[in-house]
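File shown: my_file-v1.txt. Contents: compact mmCIF, C-alpha atoms.
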# COMPACT_ATOMS: atom_id res chain seq x y z
CA MET A 1 58.26 55.19 -53.32
CA ALA A 2 55.05 54.86 -51.30
CA ALA A 3 51.83 55.86 -53.02
CA LYS A 4 50.26 59.10 -51.83
CA GLN A 5 47.21 58.79 -49.65
CA LYS A 6 44.06 59.93 -51.38
CA ILE A 7 41.66 62.46 -49.85
CA LEU A 8 38.19 63.01 -51.35
CA ILE A 9 37.01 66.57 -50.63
CA VAL A 10 33.25 67.13 -50.86
CA ASP A 11 32.08 70.74 -50.59
CA ASP A 12 29.63 72.77 -52.67
CA ASP A 13 31.75 75.88 -52.12
CA VAL A 14 34.33 75.53 -54.88
CA ASN A 15 36.68 78.05 -53.26
CA ILE A 16 36.73 76.18 -49.95
CA ALA A 17 37.20 72.83 -51.69
CA ASP A 18 40.12 74.20 -53.72
CA LEU A 19 41.66 75.78 -50.62
CA ILE A 20 41.47 72.49 -48.68
CA SER A 21 42.99 70.71 -51.68
CA LEU A 22 45.85 73.21 -51.67
CA TYR A 23 46.54 72.65 -47.95
CA LEU A 24 46.58 68.87 -48.33
CA THR A 25 48.55 68.81 -51.56
CA LYS A 26 51.30 70.76 -49.80
CA GLU A 27 51.36 67.92 -47.24
CA CYS A 28 51.91 65.38 -50.05
CA PHE A 29 48.38 64.03 -50.21
CA ASP A 30 46.62 63.26 -53.48
CA THR A 31 43.24 65.02 -53.60
CA LYS A 32 40.04 65.02 -55.60
CA THR A 33 37.30 67.64 -55.16
CA VAL A 34 33.59 67.25 -55.92
CA ASN A 35 30.74 69.64 -55.22
CA ASP A 36 27.56 67.65 -54.56
CA GLY A 37 26.38 64.42 -52.96
CA GLU A 38 25.84 62.42 -56.14
CA GLU A 39 29.34 63.27 -57.37
CA ALA A 40 30.67 62.26 -53.96
CA LEU A 41 29.15 58.77 -54.14
CA THR A 42 30.44 58.25 -57.67
CA ALA A 43 33.92 59.50 -56.74
CA PHE A 44 33.96 57.27 -53.66
CA GLU A 45 33.56 54.20 -55.90
CA GLU A 46 35.97 55.33 -58.62
CA TYR A 47 38.64 57.22 -56.66
CA THR A 48 38.71 54.83 -53.64
CA PRO A 49 39.94 57.47 -51.17
CA ASN A 50 41.80 56.80 -47.93
CA LEU A 51 39.73 59.50 -46.22
CA ILE A 52 36.69 61.68 -47.03
CA LEU A 53 36.28 65.31 -45.97
CA LEU A 54 32.52 65.75 -46.19
CA ASP A 55 30.55 68.99 -46.02
CA LEU A 56 27.08 68.54 -44.54
CA MET A 57 25.15 71.15 -46.52
CA LEU A 58 25.26 69.84 -50.09
CA PRO A 59 22.80 70.29 -52.96
CA GLY A 60 20.70 67.22 -53.71
CA ILE A 61 21.96 64.43 -51.47
CA ASP A 62 23.20 66.03 -48.25
CA GLY A 63 26.30 65.05 -46.30
CA TYR A 64 24.37 62.99 -43.77
CA GLN A 65 22.94 60.77 -46.52
CA VAL A 66 26.33 60.48 -48.23
CA CYS A 67 27.78 59.33 -44.91
CA ARG A 68 25.00 56.73 -44.50
CA GLU A 69 25.57 55.30 -47.96
CA VAL A 70 29.34 55.20 -47.64
CA ARG A 71 29.11 53.56 -44.21
CA ALA A 72 26.84 50.86 -45.61
CA LYS A 73 29.75 49.78 -47.84
CA SER A 74 32.97 50.84 -46.15
CA ASP A 75 34.76 51.87 -42.95
CA VAL A 76 36.80 54.51 -44.80
CA PRO A 77 37.39 57.39 -42.35
CA ILE A 78 35.05 60.37 -42.72
CA ILE A 79 35.61 63.85 -41.30
CA MET A 80 32.52 66.04 -41.47
CA LEU A 81 32.81 69.77 -42.18
CA SER A 82 30.03 72.11 -41.15
CA ALA A 83 29.18 75.65 -40.15
CA LYS A 84 26.63 74.10 -37.77
CA GLY A 85 28.02 74.05 -34.26
CA GLU A 86 25.06 72.61 -32.36
CA ILE A 87 25.69 69.50 -30.28
CA PHE A 88 22.77 67.79 -32.06
CA ASP A 89 24.50 68.08 -35.42
CA LYS A 90 27.79 66.75 -34.05
CA VAL A 91 26.09 63.82 -32.35
CA LEU A 92 24.05 62.96 -35.44
CA GLY A 93 27.20 62.98 -37.56
CA LEU A 94 29.00 60.70 -35.11
CA GLU A 95 26.02 58.36 -34.84
CA LEU A 96 26.02 57.99 -38.61
CA GLY A 97 29.63 56.86 -38.47
CA ALA A 98 31.75 59.98 -38.91
CA ASP A 99 35.16 59.84 -37.24
CA ASP A 100 35.59 63.55 -36.61
CA TYR A 101 33.67 66.81 -36.98
CA ILE A 102 35.30 70.15 -37.82
CA LEU A 103 33.54 73.50 -37.62
CA LYS A 104 33.85 76.14 -40.31
CA PRO A 105 35.70 78.43 -40.45
CA PHE A 106 38.65 76.20 -39.59
CA ASP A 107 42.36 76.74 -39.20
CA SER A 108 44.36 75.10 -41.99
CA LYS A 109 46.93 73.61 -39.59
CA GLU A 110 44.19 72.08 -37.43
CA LEU A 111 42.47 70.59 -40.48
CA VAL A 112 45.70 68.96 -41.66
CA ALA A 113 46.45 67.72 -38.12
CA ARG A 114 42.99 66.16 -37.81
CA VAL A 115 43.35 64.43 -41.20
CA LYS A 116 46.73 62.99 -40.22
CA ALA A 117 45.47 61.90 -36.79
CA VAL A 118 42.48 60.04 -38.21
CA LEU A 119 44.61 58.38 -40.89
CA ARG A 120 47.13 57.24 -38.27
CA ARG A 121 44.37 55.51 -36.34
CA TYR A 122 43.13 53.73 -39.44
CA GLN A 123 46.62 52.68 -40.45
CA ALA A 124 47.21 51.07 -37.07
CA PRO A 125 45.89 47.62 -38.08
CA ALA A 126 48.23 47.46 -41.08
CA LYS A 127 51.22 48.70 -39.11
CA ALA A 128 50.79 46.38 -36.16
CA GLN A 129 53.17 43.46 -36.02
CA PRO A 130 51.50 40.90 -33.75
CA SER A 131 53.87 38.56 -31.96
CA SER A 132 53.59 35.80 -29.44
CA THR A 133 54.55 38.23 -26.69
CA GLY A 134 53.84 41.82 -25.91
CA GLN A 135 50.42 42.02 -27.53
CA LYS A 136 47.93 44.46 -26.10
CA CYS A 137 45.07 42.04 -25.75
CA VAL A 138 42.31 41.42 -23.21
CA GLU A 139 40.22 38.26 -23.10
CA TYR A 140 36.91 37.53 -21.41
CA PRO A 141 34.29 34.86 -22.01
CA ASN A 142 32.91 35.42 -25.54
CA LEU A 143 35.08 38.52 -26.03
CA THR A 144 38.67 39.16 -27.16
CA VAL A 145 39.87 42.71 -27.83
CA ASN A 146 43.30 42.95 -29.44
CA LEU A 147 44.74 46.45 -29.70
CA SER A 148 47.91 45.16 -31.39
CA ASN A 149 46.09 44.26 -34.59
CA TYR A 150 42.85 46.20 -33.96
CA SER A 151 40.58 43.18 -33.92
CA VAL A 152 37.58 42.17 -31.86
CA LEU A 153 36.21 38.64 -31.55
CA TYR A 154 32.72 38.31 -30.07
CA LYS A 155 31.35 34.80 -29.58
CA GLY A 156 34.12 33.56 -31.85
CA LYS A 157 33.25 35.86 -34.74
CA PRO A 158 35.14 38.98 -35.86
CA ILE A 159 33.31 42.26 -35.32
CA ASP A 160 33.91 45.25 -37.59
CA MET A 161 34.70 48.20 -35.37
CA PRO A 162 36.17 51.63 -36.21
CA PRO A 163 39.39 52.45 -34.33
CA LYS A 164 37.83 54.86 -31.82
CA GLU A 165 35.21 52.32 -30.75
CA LEU A 166 37.83 49.59 -30.40
CA GLU A 167 40.19 51.86 -28.45
CA LEU A 168 37.36 52.81 -26.08
CA LEU A 169 36.37 49.16 -25.56
CA TYR A 170 39.98 48.12 -24.96
CA PHE A 171 40.59 50.98 -22.52
CA LEU A 172 37.54 50.03 -20.44
CA ALA A 173 38.13 46.26 -20.64
CA ALA A 174 41.81 46.60 -19.72
CA SER A 175 40.77 48.06 -16.35
CA PRO A 176 37.82 45.92 -15.25
CA ASN A 177 35.47 47.38 -12.65
CA GLN A 178 37.27 50.73 -12.67
CA VAL A 179 34.95 53.69 -13.13
CA PHE A 180 35.97 56.33 -15.67
CA THR A 181 34.30 59.70 -16.04
CA ARG A 182 33.25 60.83 -19.49
CA GLU A 183 35.90 63.53 -19.27
CA GLN A 184 38.62 60.95 -18.54
CA LEU A 185 37.52 58.85 -21.51
CA LEU A 186 37.42 61.91 -23.76
CA ASP A 187 40.91 62.90 -22.72
CA HIS A 188 42.38 59.43 -23.21
CA ILE A 189 40.66 58.39 -26.45
CA TRP A 190 39.98 61.70 -28.21
CA GLY A 191 42.46 64.11 -26.64
CA TYR A 192 41.91 67.80 -27.37
CA GLU A 193 39.48 67.18 -30.22
CA TYR A 194 36.27 66.84 -28.22
CA ILE A 195 37.02 68.34 -24.82
CA GLY A 196 33.72 69.45 -23.32
CA ASP A 197 31.57 67.39 -25.70
CA THR A 198 30.84 64.41 -23.45
CA ARG A 199 28.01 63.18 -25.69
CA THR A 200 30.75 61.83 -27.95
CA VAL A 201 31.46 59.14 -25.34
CA ASP A 202 27.77 58.28 -25.01
CA VAL A 203 27.42 57.87 -28.77
CA HIS A 204 30.38 55.48 -28.97
CA VAL A 205 29.21 53.44 -25.97
CA LYS A 206 25.79 53.15 -27.64
CA ARG A 207 27.46 51.81 -30.80
CA LEU A 208 29.50 49.31 -28.78
CA ARG A 209 26.40 48.02 -27.03
CA GLU A 210 24.68 47.52 -30.39
CA LYS A 211 27.58 45.35 -31.61
CA ILE A 212 28.42 43.35 -28.48
CA LYS A 213 25.74 42.37 -25.99
CA ASP A 214 26.46 42.02 -22.28
CA CYS A 215 26.85 38.50 -20.91
CA ASN A 216 26.84 36.94 -17.45
CA ALA A 217 30.58 37.43 -17.01
CA TRP A 218 30.89 41.07 -18.10
CA SER A 219 29.02 44.18 -19.18
CA ILE A 220 29.62 47.77 -20.22
CA ALA A 221 27.94 49.42 -17.27
CA THR A 222 26.71 52.99 -16.90
CA VAL A 223 27.62 54.65 -13.62
CA TRP A 224 24.89 57.24 -13.43
CA GLY A 225 26.08 60.80 -13.12
CA ILE A 226 29.72 59.79 -13.56
CA GLY A 227 30.57 57.69 -16.60
CA TYR A 228 31.20 54.04 -17.48
CA LYS A 229 33.02 50.91 -16.41
CA PHE A 230 33.65 47.42 -17.79
CA GLU A 231 31.98 45.38 -15.06
CA THR A 232 33.00 41.79 -14.45
CA THR A 233 31.66 39.14 -12.09
CA GLY A 234 33.56 36.65 -10.02

Mind turning the file's structure into structure tokens?
Amino acid sequence: MAAKQKILIVDDDVNIADLISLYLTKECFDTKTVNDGEEALTAFEEYTPNLILLDLMLPGIDGYQVCREVRAKSDVPIIMLSAKGEIFDKVLGLELGADDYILKPFDSKELVARVKAVLRRYQAPAKAQPSSTGQKCVEYPNLTVNLSNYSVLYKGKPIDMPPKELELLYFLAASPNQVFTREQLLDHIWGYEYIGDTRTVDVHVKRLREKIKDCNAWSIATVWGIGYKFETTG
């Protein structure tokens, strides 16, 4: 029997934390709840969760700092929970490495669906069965993006990249010189989750550019007022 996936729930509201735990336990997840940032960092090391649900407004160490410290050590998926709905807060959370952002109050079914969706993306590398044929892979000078095993090679070295970043890079690189609007990229990579929040695309492109630098043969180009394209020469 497969081991249950472990969800670390971090929220200073004990009632909300217990309610989330109840929702997820019914879906056959194993859960652990903690109520402040310091507890969260300790539980992260000891509990080794498959996913973290992280409230932003915590006593002591806030959720943003918890996210920073976890990201310095691990790519474990993080879904931020917050009553703050401003675009700035969403963008900051995503820039720090969160994989999703859910506003309170939330619908229980949506929360569970988001958790499952993020976990599916992170399980993709383990589930992929690379073969000599049929791989989803694009190759350019100094860059190989393989969607079959969720790997990126840049100048011959592997690059750590969360699934959303890799999927965005692959989608652009698989259609060289084709311009995609931010809305098209949102729809293809994020689906319903971020419709209308086009800054999400900008944040992920910024992260990609920090990890892989343009070269003479290709670049991730901004098409001002429209969106982005993977531009190639020759």

- Any idea what's packed within 9 Å of A:Val118, counting all atoms listed in the file, ignoring anything in its chain fewer than 4 positions away? Could you give it as a count of residues only? 10

Write out as a PDB file with C-alpha atoms, in the frame of the given file the residues lying within 10 Å of A:Tyr101, counting all atoms listed in the file and excluding same-chain residues fewer than 6 positions away.
ATOM      1  CA  LEU A  53      36.280  65.310 -45.970  1.00  0.00           C
ATOM      2  CA  LEU A  54      32.520  65.750 -46.190  1.00  0.00           C
ATOM      3  CA  ASP A  55      30.550  68.990 -46.020  1.00  0.00           C
ATOM      4  CA  ILE A  78      35.050  60.370 -42.720  1.00  0.00           C
ATOM      5  CA  ILE A  79      35.610  63.850 -41.300  1.00  0.00           C
ATOM      6  CA  MET A  80      32.520  66.040 -41.470  1.00  0.00           C
ATOM      7  CA  LEU A  81      32.810  69.770 -42.180  1.00  0.00           C
ATOM      8  CA  SER A  82      30.030  72.110 -41.150  1.00  0.00           C
ATOM      9  CA  GLY A  85      28.020  74.050 -34.260  1.00  0.00           C
ATOM     10  CA  ASP A  89      24.500  68.080 -35.420  1.00  0.00           C
ATOM     11  CA  LYS A  90      27.790  66.750 -34.050  1.00  0.00           C
ATOM     12  CA  VAL A  91      26.090  63.820 -32.350  1.00  0.00           C
ATOM     13  CA  GLY A  93      27.200  62.980 -37.560  1.00  0.00           C
ATOM     14  CA  LEU A  94      29.000  60.700 -35.110  1.00  0.00           C
ATOM     15  CA  ARG A 114      42.990  66.160 -37.810  1.00  0.00           C
ATOM     16  CA  GLU A 193      39.480  67.180 -30.220  1.00  0.00           C
ATOM     17  CA  TYR A 194      36.270  66.840 -28.220  1.00  0.00           C
TER      18      TYR A 194
END

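The shell of residues at most 9 Å from A:Glu231, with all atoms listed in the file counted and near chain neighbours (fewer than 2 positions) removed, consists of A:Ala173, A:Pro176, A:Asn177, A:Gln178, A:Ala217, A:Trp218, A:Ser219, A:Ile220, A:Ala221, A:Lys229, A:Thr233.
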
Contacts of A:Val34 at 8 Å or less, counting all atoms listed in the file, minus same-chain residues fewer than 2 places along, as a compact mmCIF listing (two decimals) with C-alpha atoms, keeping the file's coordinate frame?
# COMPACT_ATOMS: atom_id res chain seq x y z
CA LEU A 8 38.19 63.01 -51.35
CA ILE A 9 37.01 66.57 -50.63
CA VAL A 10 33.25 67.13 -50.86
CA ASP A 11 32.08 70.74 -50.59
CA ASP A 12 29.63 72.77 -52.67
CA ALA A 17 37.20 72.83 -51.69
CA LYS A 32 40.04 65.02 -55.60
CA ASP A 36 27.56 67.65 -54.56
CA GLU A 39 29.34 63.27 -57.37
CA ALA A 40 30.67 62.26 -53.96
CA ALA A 43 33.92 59.50 -56.74

- Task: Provide the atom CA of A:Glu27 to atom CA of A:Pro49 distance in Å, to one decimal place.
- Result: 16.0 Å
